[in-house]
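Please read the structure below before turning to the comments.
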Amino acid sequence: MITSNRMQESGVWTAARSRHRVDLTRIVSFILLVIITLIMLMPLAFMVTTSFKSQRETMQYPPTLFPESLQFSNYTEIFSRLQFGTMYQNSLMIAVITVLATLLSSSLVAYGFARFRGKGRNLMFMLLLSTMMLPYPAIMIPQFVLFSKLGWVDTFLPLIVPAFFGSAYNIFLLRQFFANLPEELFDAGRMDGCTEIGMYWKIALPLSGAAMATIAIFSFIYSWNDLLTPVLYLNSADKFTLPVGMASLTSSKFRVAPWHLLMVASVLALLPIVVLFILAQKRFVEGIVLTGIK
Amino acid sequence: MVNIKRKWYQKTLTVLSTLLATTVMLSGCGSGGSSAGADGDAVTITYYTIDSPDRTFVEQLIPDFEKQHPNIKVKVATAPYEQFDSKLQTMIAGGNAPDITSHFGYGGFAEYYNKGMLLDMTDLLKESGFQADKYKIPKNLMDIYQVDGHTYGIPFSSYVTLLLYNKDLFDAAGVAYPPSDYNDKSWTFEKMVEDAKKLTVISDDPNKQQYGLQFGWGELDNRPFYFGAKMYSDDTWTNGGVPSESYFDSPESIAAYKKIFGLVFDDKVSPPPEWSASVAGQGGDPFVTGKVAMSVGGSWNLSGANDFGFNVGVAAVPAGGNDKVRSTLFVDPLFILKDSKHPKEALTWIEYLLQTDIQKQSIELSGGTPPVNQDAAEEYYSHFQSIDPKDLRNVYEGAYQYGYESFNHLIVNYSQINDMMINEMQPLQNGTAQVEDVMPKVQQKMEEILARSKK
């Protein structure tokens, strides 16, 4: 502090001072960002620390941020008490297949809409988009009738198979993306004797990393968090997914919810999404770099 | 080079698209097994309940049952409490109805009955020679699920309203334990509030804050009944649950609600909702945290009492002004749904669950479900470590004597009524409105709901 005062007094340091001021605004904004980040991270941190508390401590008032003693046993208890491993496996399997299926089906349909011209194309696209307006409860019962006639109740099929038939929102997103790809790339492919499906696979898809990553994240999170569909279709405990199991932890109206275990479940349930996001972030950048045509 | 690459993507494409076919086939196998009905003479019946250990315990009884009845397989289907009703509706609409269930969710018997979901069991019971006496089901409990002499449900567990108290807090404050005898004339609502005042500790330190009483008698719309007010016209109880009139803005109702909400804001012996939520979490029971001395509520509050970490006692619900009624009964019946393809086998399963030794086993397996079978009841009375079996017996016998079945099981469209009550009474819970101002609005909304029910 003293040195900086001396610097201000002498005119020789004026240049240094102005640079100093720039740094100051940067520092202030940095500190501000750090504070905001910390505030945003608070619930997350609280979730993680609560997952290490004993049930007694979760009920303490005022709540403690740091656990009095670390209860690592919470992390083993959840597996014995909830069939957590089975649920995790089920959720993961359903989500991964759903993501792959959504990417494949939506991009294929979107490619068609983006690249081919033909009679009624716009009408078909409108029809497709109109399915976005249908809320799930409206199709819930007809769909249940369909799937139960197929004998699919209490299997994973009703949760997975619809993903193989595209989803309007993702198709819309990808169509816009594909339509913006430079025509020259496809012309070049055609000259090299590439088939249409080959251009889809080798030109359109690799250049759409960002859009595909977005869709992967969205469909993963949607499938991962979905409660209503698994509740409707799954009956046996060994087929339950994470949200169903976690809802049951709070839904017992007779007891105090085991918040410490719920937090353990939440921490573990969060992991795949964090990992997926880190992976997808790379693709975001890549996608932007690759699309540039010179 | 191009060829190799093309092969690679074609291969990937094939792999991905065969994924669809494989998953269809793989999981298809699973469904094939479950729908086996033609497998010899064995039939599969589905029992639908809440995914909570105190309900799913029946799974552990299935092996024994299937050994006794080799031609019947029992499958348990579950859903979380919040989603119980919507899943049931969807299953029925989808032609995939379970065979046996109860009103485990928000909806009650009257709702199921009026929607035509339930099988009239009268002939079935006659045919199989079902005797309520054989399973020691008290006659007045059997009557609850009869309409015009037709039986639609058979009771299998019976919860009553009782008063739980924290013996440790009573000892620390030097207050005498409340009596379990319903004939003790000195035990009145006023006396309970007086005791609660001695047990309440107001403190700036939230850790030392302690309340004397939480009053969860029945659902919100039942509560004035405790003080002798009439809420619904008498025809409700005989016509299948459609009240022709309601009386929520009567002076008696208003006086009753003033007493109830006065516990928080005038007497200051009951915790405000935000305090409860902060100590016990959303929807949790603050009594379990050991910071509330007395709790009036359903006997499900007792489940898990052996793990509470303090000594629990049970007492009679004090006299509140209604000479005939002091306890709300929550008798859970088992229903056979109308769409069941195997009602006979379903009844066999119900009868199995009602046997004395199975009802006894169920107490332990479920962590304290009160049996309806009176021969098994003795086992229930002695199930809780810190509770004198004599007290619990007194409380149950008194509750049967001064009890009535909870409105939520008997009135049509009850989930709508309950939602409306909770929403409209929110300002009263928070102390931001006066009872006199709120009740006329409640009455008006109630009339609207009831008018819809009559159609």
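Letters A, B, ... mark the chains of the structure tokens in the order given; residue numbers begin at 1 per chain; ligand numbers begin at 1, in order shown.
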
Sorted by chain and rising residue number, which residues of chain A lie within 9 Å of chain B, and what are their closest atom pairs and distances in Å to one decimal, counting only C-alpha atoms, as a tab-separated table?
```
residue	atom	partner	partner_atom	distance
A:Arg56	CA	B:Thr289	CA	8.2
A:Thr58	CA	B:Val279	CA	8.8
A:Met59	CA	B:Val279	CA	5.4
A:Gln60	CA	B:Val279	CA	6.6
A:Tyr61	CA	B:Asn207	CA	5.8
A:Pro62	CA	B:Pro206	CA	6.8
A:Pro63	CA	B:Ser278	CA	8.9
A:Ile97	CA	B:Leu19	CA	8.3
A:Leu100	CA	B:Leu16	CA	7.7
A:Ala101	CA	B:Leu16	CA	7.6
A:Leu104	CA	B:Leu16	CA	7.8
A:Met140	CA	B:Thr90	CA	7.9
A:Ile141	CA	B:Thr90	CA	6.0
A:Pro142	CA	B:Gly94	CA	7.5
A:Gln143	CA	B:Gly94	CA	8.6
A:Phe144	CA	B:Gly94	CA	5.7
A:Val145	CA	B:Gly94	CA	4.3
A:Leu146	CA	B:Gly94	CA	8.0
A:Phe147	CA	B:Gly94	CA	8.8
A:Ser148	CA	B:Gly94	CA	6.8
A:Lys149	CA	B:Gly94	CA	8.4
A:Gly151	CA	B:Ser31	CA	6.1
A:Trp152	CA	B:Ser31	CA	6.2
A:Val153	CA	B:Ser31	CA	7.3
A:Asp154	CA	B:Ser31	CA	7.1
A:Thr155	CA	B:Ser27	CA	5.9
A:Phe156	CA	B:Ser27	CA	6.7
A:Leu157	CA	B:Val24	CA	6.6
A:Ile160	CA	B:Thr23	CA	8.4
A:Val161	CA	B:Leu20	CA	7.2
A:Phe164	CA	B:Leu20	CA	7.2
A:Gly198	CA	B:Arg6	CA	7.3
A:Trp201	CA	B:Tyr9	CA	7.1
A:Lys202	CA	B:Tyr9	CA	8.2
A:Leu228	CA	B:Gln83	CA	7.9
A:Val231	CA	B:Ala79	CA	6.1
A:Leu232	CA	B:Lys87	CA	5.4
A:Tyr233	CA	B:Lys87	CA	8.7
A:Leu234	CA	B:Ala77	CA	8.1
A:Asn235	CA	B:Ala77	CA	4.5
A:Ser236	CA	B:Ala77	CA	5.9
A:Ala237	CA	B:Thr78	CA	7.7
A:Val244	CA	B:Pro80	CA	7.1
A:Gly245	CA	B:Pro80	CA	8.2
A:Ala247	CA	B:Pro80	CA	6.2
A:Ser248	CA	B:Pro80	CA	4.9
A:Leu249	CA	B:Ser52	CA	7.7
A:Thr250	CA	B:Gly283	CA	8.5
A:Ser251	CA	B:Tyr81	CA	5.2
A:Ser252	CA	B:Ser52	CA	5.7
A:Lys253	CA	B:Tyr81	CA	7.5
A:Phe254	CA	B:Trp300	CA	5.9
A:Arg255	CA	B:Gly284	CA	6.7
A:Val256	CA	B:Gly284	CA	4.5
A:Ala257	CA	B:Gly284	CA	6.4
A:Trp259	CA	B:Gly281	CA	8.2
```

Find the residues around segment 121-138 of chain B up to 12 Å (only C-alpha atoms counted), leave out those fewer than 4 positions away in its own chain, and share them as a PyMOL selection string.
chain B and resi 142-158+331+333-338+340+342-348+350-359+371-377+397+400-401

Selected residues, C-alpha atoms, written as a PDB file, in the first residue's frame, please.
```
ATOM      1  CA  MET B 142     -66.206 -54.504   8.622  1.00  0.00           C
ATOM      2  CA  ASP B 143     -69.174 -52.140   8.162  1.00  0.00           C
ATOM      3  CA  ILE B 144     -67.034 -49.219   6.991  1.00  0.00           C
ATOM      4  CA  TYR B 145     -66.570 -50.612   3.525  1.00  0.00           C
ATOM      5  CA  GLN B 146     -70.125 -51.678   2.937  1.00  0.00           C
ATOM      6  CA  VAL B 147     -72.575 -49.667   0.863  1.00  0.00           C
ATOM      7  CA  ASP B 148     -76.250 -50.711   0.917  1.00  0.00           C
ATOM      8  CA  GLY B 149     -75.332 -54.106   2.331  1.00  0.00           C
ATOM      9  CA  HIS B 150     -72.716 -54.787  -0.330  1.00  0.00           C
ATOM     10  CA  THR B 151     -69.103 -55.329   0.678  1.00  0.00           C
ATOM     11  CA  TYR B 152     -66.398 -53.578  -1.324  1.00  0.00           C
ATOM     12  CA  GLY B 153     -63.391 -53.971   0.915  1.00  0.00           C
ATOM     13  CA  ILE B 154     -62.042 -56.045   3.793  1.00  0.00           C
ATOM     14  CA  PRO B 155     -60.097 -54.259   6.543  1.00  0.00           C
ATOM     15  CA  PHE B 156     -56.564 -55.536   7.086  1.00  0.00           C
ATOM     16  CA  SER B 157     -54.830 -52.868   9.160  1.00  0.00           C
ATOM     17  CA  SER B 158     -56.301 -50.314  11.478  1.00  0.00           C
ATOM     18  CA  VAL B 331     -58.873 -48.520   8.629  1.00  0.00           C
ATOM     19  CA  PRO B 333     -59.085 -52.270   3.562  1.00  0.00           C
ATOM     20  CA  LEU B 334     -58.003 -54.496   0.720  1.00  0.00           C
ATOM     21  CA  PHE B 335     -59.994 -54.094  -2.461  1.00  0.00           C
ATOM     22  CA  ILE B 336     -60.324 -56.367  -5.428  1.00  0.00           C
ATOM     23  CA  LEU B 337     -60.504 -54.266  -8.551  1.00  0.00           C
ATOM     24  CA  LYS B 338     -63.392 -54.752 -10.938  1.00  0.00           C
ATOM     25  CA  SER B 340     -59.350 -58.356 -11.961  1.00  0.00           C
ATOM     26  CA  HIS B 342     -58.758 -63.728 -10.912  1.00  0.00           C
ATOM     27  CA  PRO B 343     -60.994 -62.430  -8.103  1.00  0.00           C
ATOM     28  CA  LYS B 344     -61.151 -65.837  -6.414  1.00  0.00           C
ATOM     29  CA  GLU B 345     -57.393 -66.149  -6.153  1.00  0.00           C
ATOM     30  CA  ALA B 346     -57.214 -62.515  -5.051  1.00  0.00           C
ATOM     31  CA  LEU B 347     -59.561 -63.313  -2.174  1.00  0.00           C
ATOM     32  CA  THR B 348     -57.368 -66.271  -1.218  1.00  0.00           C
ATOM     33  CA  ILE B 350     -56.501 -61.446   1.198  1.00  0.00           C
ATOM     34  CA  GLU B 351     -57.634 -64.237   3.519  1.00  0.00           C
ATOM     35  CA  TYR B 352     -54.033 -65.333   3.863  1.00  0.00           C
ATOM     36  CA  LEU B 353     -52.996 -61.838   4.955  1.00  0.00           C
ATOM     37  CA  LEU B 354     -55.725 -61.785   7.608  1.00  0.00           C
ATOM     38  CA  GLN B 355     -54.693 -65.009   9.384  1.00  0.00           C
ATOM     39  CA  THR B 356     -53.671 -64.470  12.971  1.00  0.00           C
ATOM     40  CA  ASP B 357     -50.087 -65.682  12.633  1.00  0.00           C
ATOM     41  CA  ILE B 358     -49.541 -63.749   9.380  1.00  0.00           C
ATOM     42  CA  GLN B 359     -50.971 -60.597  10.943  1.00  0.00           C
ATOM     43  CA  PRO B 371     -53.334 -55.481  12.666  1.00  0.00           C
ATOM     44  CA  VAL B 372     -57.072 -55.586  12.243  1.00  0.00           C
ATOM     45  CA  ASN B 373     -57.174 -59.147  13.578  1.00  0.00           C
ATOM     46  CA  GLN B 374     -57.862 -58.687  17.289  1.00  0.00           C
ATOM     47  CA  ASP B 375     -56.015 -61.907  18.180  1.00  0.00           C
ATOM     48  CA  ALA B 376     -52.864 -60.402  16.692  1.00  0.00           C
ATOM     49  CA  ALA B 377     -53.462 -57.010  18.296  1.00  0.00           C
ATOM     50  CA  GLU B 397     -59.921 -49.775  22.768  1.00  0.00           C
ATOM     51  CA  TYR B 400     -62.587 -47.891  18.709  1.00  0.00           C
ATOM     52  CA  GLN B 401     -65.233 -46.834  21.221  1.00  0.00           C
TER      53      GLN B 401
END
```

Residue neighbourhood Arg283 of chain A, 8 Å, only C-alpha atoms, exclusion window fewer than 4 positions, as a PyMOL selection string
chain A and resi 209-210+213+279+287

Residue neighbourhood segment 81-86 of chain A, 12 Å, only C-alpha atoms, exclusion window fewer than 3 positions, as JSON, numbers by chain
{"A": [73, 74, 75, 76, 77, 78, 89, 90, 91, 92, 93, 236, 237, 238, 239, 240, 241, 242, 243, 244, 245, 246, 247, 248, 249, 258, 261, 262, 264, 265, 266, 268, 269], "B": [51, 52, 53]}

Export, as an mmCIF file, in the first residue's frame, the selected residues with N, CA and C atoms.
```cif
data_model
loop_
_atom_site.group_PDB
_atom_site.id
_atom_site.type_symbol
_atom_site.label_atom_id
_atom_site.label_comp_id
_atom_site.auth_asym_id
_atom_site.auth_seq_id
_atom_site.Cartn_x
_atom_site.Cartn_y
_atom_site.Cartn_z
ATOM 1 N N SER A 73 -19.782 -44.371 5.997
ATOM 2 C CA SER A 73 -20.685 -45.529 5.924
ATOM 3 C C SER A 73 -21.973 -45.186 5.180
ATOM 4 N N ASN A 74 -22.327 -43.874 5.092
ATOM 5 C CA ASN A 74 -23.517 -43.505 4.317
ATOM 6 C C ASN A 74 -23.424 -44.041 2.902
ATOM 7 N N TYR A 75 -22.197 -43.988 2.373
ATOM 8 C CA TYR A 75 -22.011 -44.374 0.980
ATOM 9 C C TYR A 75 -22.135 -45.883 0.778
ATOM 10 N N THR A 76 -21.923 -46.651 1.832
ATOM 11 C CA THR A 76 -22.152 -48.090 1.691
ATOM 12 C C THR A 76 -23.591 -48.417 2.069
ATOM 13 N N GLU A 77 -24.129 -47.632 3.018
ATOM 14 C CA GLU A 77 -25.491 -47.917 3.474
ATOM 15 C C GLU A 77 -26.497 -47.793 2.335
ATOM 16 N N ILE A 78 -26.271 -46.826 1.474
ATOM 17 C CA ILE A 78 -27.254 -46.605 0.404
ATOM 18 C C ILE A 78 -27.329 -47.804 -0.528
ATOM 19 N N GLN A 89 -27.393 -48.963 -12.305
ATOM 20 C CA GLN A 89 -27.125 -49.700 -13.531
ATOM 21 C C GLN A 89 -28.284 -49.542 -14.514
ATOM 22 N N ASN A 90 -29.511 -49.713 -14.008
ATOM 23 C CA ASN A 90 -30.686 -49.571 -14.866
ATOM 24 C C ASN A 90 -30.744 -48.196 -15.493
ATOM 25 N N SER A 91 -30.584 -47.171 -14.658
ATOM 26 C CA SER A 91 -30.664 -45.801 -15.142
ATOM 27 C C SER A 91 -29.605 -45.546 -16.195
ATOM 28 N N LEU A 92 -28.397 -46.008 -15.913
ATOM 29 C CA LEU A 92 -27.278 -45.763 -16.807
ATOM 30 C C LEU A 92 -27.519 -46.449 -18.152
ATOM 31 N N MET A 93 -27.985 -47.704 -18.080
ATOM 32 C CA MET A 93 -28.205 -48.443 -19.305
ATOM 33 C C MET A 93 -29.269 -47.761 -20.159
ATOM 34 N N SER A 236 -41.503 -53.998 -10.922
ATOM 35 C CA SER A 236 -40.659 -54.771 -10.008
ATOM 36 C C SER A 236 -39.499 -53.923 -9.520
ATOM 37 N N ALA A 237 -39.177 -54.115 -8.252
ATOM 38 C CA ALA A 237 -38.149 -53.289 -7.622
ATOM 39 C C ALA A 237 -36.799 -53.440 -8.318
ATOM 40 N N ASP A 238 -36.514 -54.615 -8.885
ATOM 41 C CA ASP A 238 -35.196 -54.792 -9.499
ATOM 42 C C ASP A 238 -35.097 -54.098 -10.853
ATOM 43 N N LYS A 239 -36.186 -53.498 -11.313
ATOM 44 C CA LYS A 239 -36.122 -52.765 -12.577
ATOM 45 C C LYS A 239 -36.174 -51.253 -12.355
ATOM 46 N N PHE A 240 -36.294 -50.820 -11.107
ATOM 47 C CA PHE A 240 -36.466 -49.397 -10.846
ATOM 48 C C PHE A 240 -35.239 -48.592 -11.268
ATOM 49 N N THR A 241 -35.498 -47.334 -11.629
ATOM 50 C CA THR A 241 -34.411 -46.418 -11.952
ATOM 51 C C THR A 241 -34.162 -45.502 -10.758
ATOM 52 N N LEU A 242 -33.078 -44.740 -10.829
ATOM 53 C CA LEU A 242 -32.703 -43.873 -9.706
ATOM 54 C C LEU A 242 -33.810 -42.922 -9.243
ATOM 55 N N PRO A 243 -34.443 -42.168 -10.155
ATOM 56 C CA PRO A 243 -35.462 -41.228 -9.672
ATOM 57 C C PRO A 243 -36.592 -41.930 -8.916
ATOM 58 N N VAL A 244 -36.968 -43.126 -9.359
ATOM 59 C CA VAL A 244 -38.048 -43.843 -8.665
ATOM 60 C C VAL A 244 -37.609 -44.190 -7.248
ATOM 61 N N GLY A 245 -36.388 -44.719 -7.138
ATOM 62 C CA GLY A 245 -35.890 -45.087 -5.819
ATOM 63 C C GLY A 245 -35.754 -43.882 -4.911
ATOM 64 N N MET A 246 -35.277 -42.770 -5.487
ATOM 65 C CA MET A 246 -35.086 -41.581 -4.654
ATOM 66 C C MET A 246 -36.415 -40.969 -4.255
ATOM 67 N N ALA A 247 -37.399 -41.033 -5.143
ATOM 68 C CA ALA A 247 -38.723 -40.520 -4.790
ATOM 69 C C ALA A 247 -39.307 -41.341 -3.652
ATOM 70 N N SER A 248 -39.026 -42.643 -3.658
ATOM 71 C CA SER A 248 -39.570 -43.483 -2.594
ATOM 72 C C SER A 248 -38.944 -43.153 -1.248
ATOM 73 N N LEU A 249 -37.706 -42.674 -1.272
ATOM 74 C CA LEU A 249 -37.063 -42.301 -0.010
ATOM 75 C C LEU A 249 -37.808 -41.168 0.674
ATOM 76 N N PRO A 258 -34.733 -39.799 5.195
ATOM 77 C CA PRO A 258 -33.295 -39.900 5.482
ATOM 78 C C PRO A 258 -32.503 -38.980 4.571
ATOM 79 N N LEU A 261 -28.958 -39.885 3.318
ATOM 80 C CA LEU A 261 -28.875 -40.874 2.238
ATOM 81 C C LEU A 261 -29.332 -40.284 0.913
ATOM 82 N N LEU A 262 -30.329 -39.420 0.999
ATOM 83 C CA LEU A 262 -30.795 -38.765 -0.216
ATOM 84 C C LEU A 262 -29.680 -37.934 -0.846
ATOM 85 N N VAL A 264 -26.460 -38.515 -0.467
ATOM 86 C CA VAL A 264 -25.512 -39.461 -1.055
ATOM 87 C C VAL A 264 -26.001 -39.842 -2.454
ATOM 88 N N ALA A 265 -27.275 -40.186 -2.530
ATOM 89 C CA ALA A 265 -27.850 -40.576 -3.817
ATOM 90 C C ALA A 265 -27.724 -39.440 -4.818
ATOM 91 N N SER A 266 -27.958 -38.201 -4.350
ATOM 92 C CA SER A 266 -27.884 -37.063 -5.268
ATOM 93 C C SER A 266 -26.463 -36.855 -5.769
ATOM 94 N N LEU A 268 -24.093 -39.087 -6.059
ATOM 95 C CA LEU A 268 -23.751 -40.148 -7.004
ATOM 96 C C LEU A 268 -24.524 -39.997 -8.314
ATOM 97 N N ALA A 269 -25.758 -39.497 -8.203
ATOM 98 C CA ALA A 269 -26.566 -39.334 -9.406
ATOM 99 C C ALA A 269 -26.048 -38.192 -10.266
ATOM 100 N N ASP B 51 -44.198 -47.949 -2.560
ATOM 101 C CA ASP B 51 -42.811 -48.390 -2.461
ATOM 102 C C ASP B 51 -42.188 -47.833 -1.179
ATOM 103 N N SER B 52 -42.521 -48.458 -0.069
ATOM 104 C CA SER B 52 -42.026 -48.006 1.225
ATOM 105 C C SER B 52 -41.954 -49.251 2.097
ATOM 106 N N PRO B 53 -40.880 -49.408 2.891
ATOM 107 C CA PRO B 53 -40.659 -50.689 3.574
ATOM 108 C C PRO B 53 -41.845 -51.146 4.429
#
```

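Between atom CA of Val312 of chain B and atom CA of Phe261 of chain B lies a distance of 25.6 Å.
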
Residues within 7 Å of Tyr381 of chain B, please, as a PyMOL selection string. Count only C-alpha atoms; anything in the same chain fewer than 3 positions from it doesn't count.
chain B and resi 377-378+389+392-393

Residues just named, written with N, CA and C atoms as a short mmCIF file (atom, residue, chain, number, x, y, z; two decimals), in the first residue's frame:
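Final output, selection27.cif:
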```cif
data_model
loop_
_atom_site.label_atom_id
_atom_site.label_comp_id
_atom_site.auth_asym_id
_atom_site.auth_seq_id
_atom_site.Cartn_x
_atom_site.Cartn_y
_atom_site.Cartn_z
N ALA B 377 -53.64 -58.36 17.76
CA ALA B 377 -53.46 -57.01 18.30
C ALA B 377 -52.57 -56.99 19.54
N GLU B 378 -52.72 -58.02 20.38
CA GLU B 378 -51.94 -58.09 21.62
C GLU B 378 -50.44 -57.99 21.33
N PRO B 389 -47.68 -52.00 27.28
CA PRO B 389 -48.73 -52.60 26.44
C PRO B 389 -50.13 -52.24 26.92
N LEU B 392 -51.20 -48.89 25.45
CA LEU B 392 -51.54 -48.93 24.03
C LEU B 392 -52.88 -49.65 23.81
N ARG B 393 -53.13 -50.69 24.63
CA ARG B 393 -54.41 -51.39 24.53
C ARG B 393 -55.55 -50.44 24.91
#
```

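Among the candidates A:Ile217, A:Glu183, A:Trp224, A:Leu128, the residue lying nearest to Gly166 of chain A is A:Leu128 (atoms considered: only C-alpha atoms).
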
Please give the complete set of residues from segment 85-232 of chain B that DSSP, run on the backbone, assigns to helix (DSSP H, G or I), formatted as a PyMOL selection string.
chain B and resi 85-93+109-114+122-128+132-135+139-144+167-173+189-199+223-226
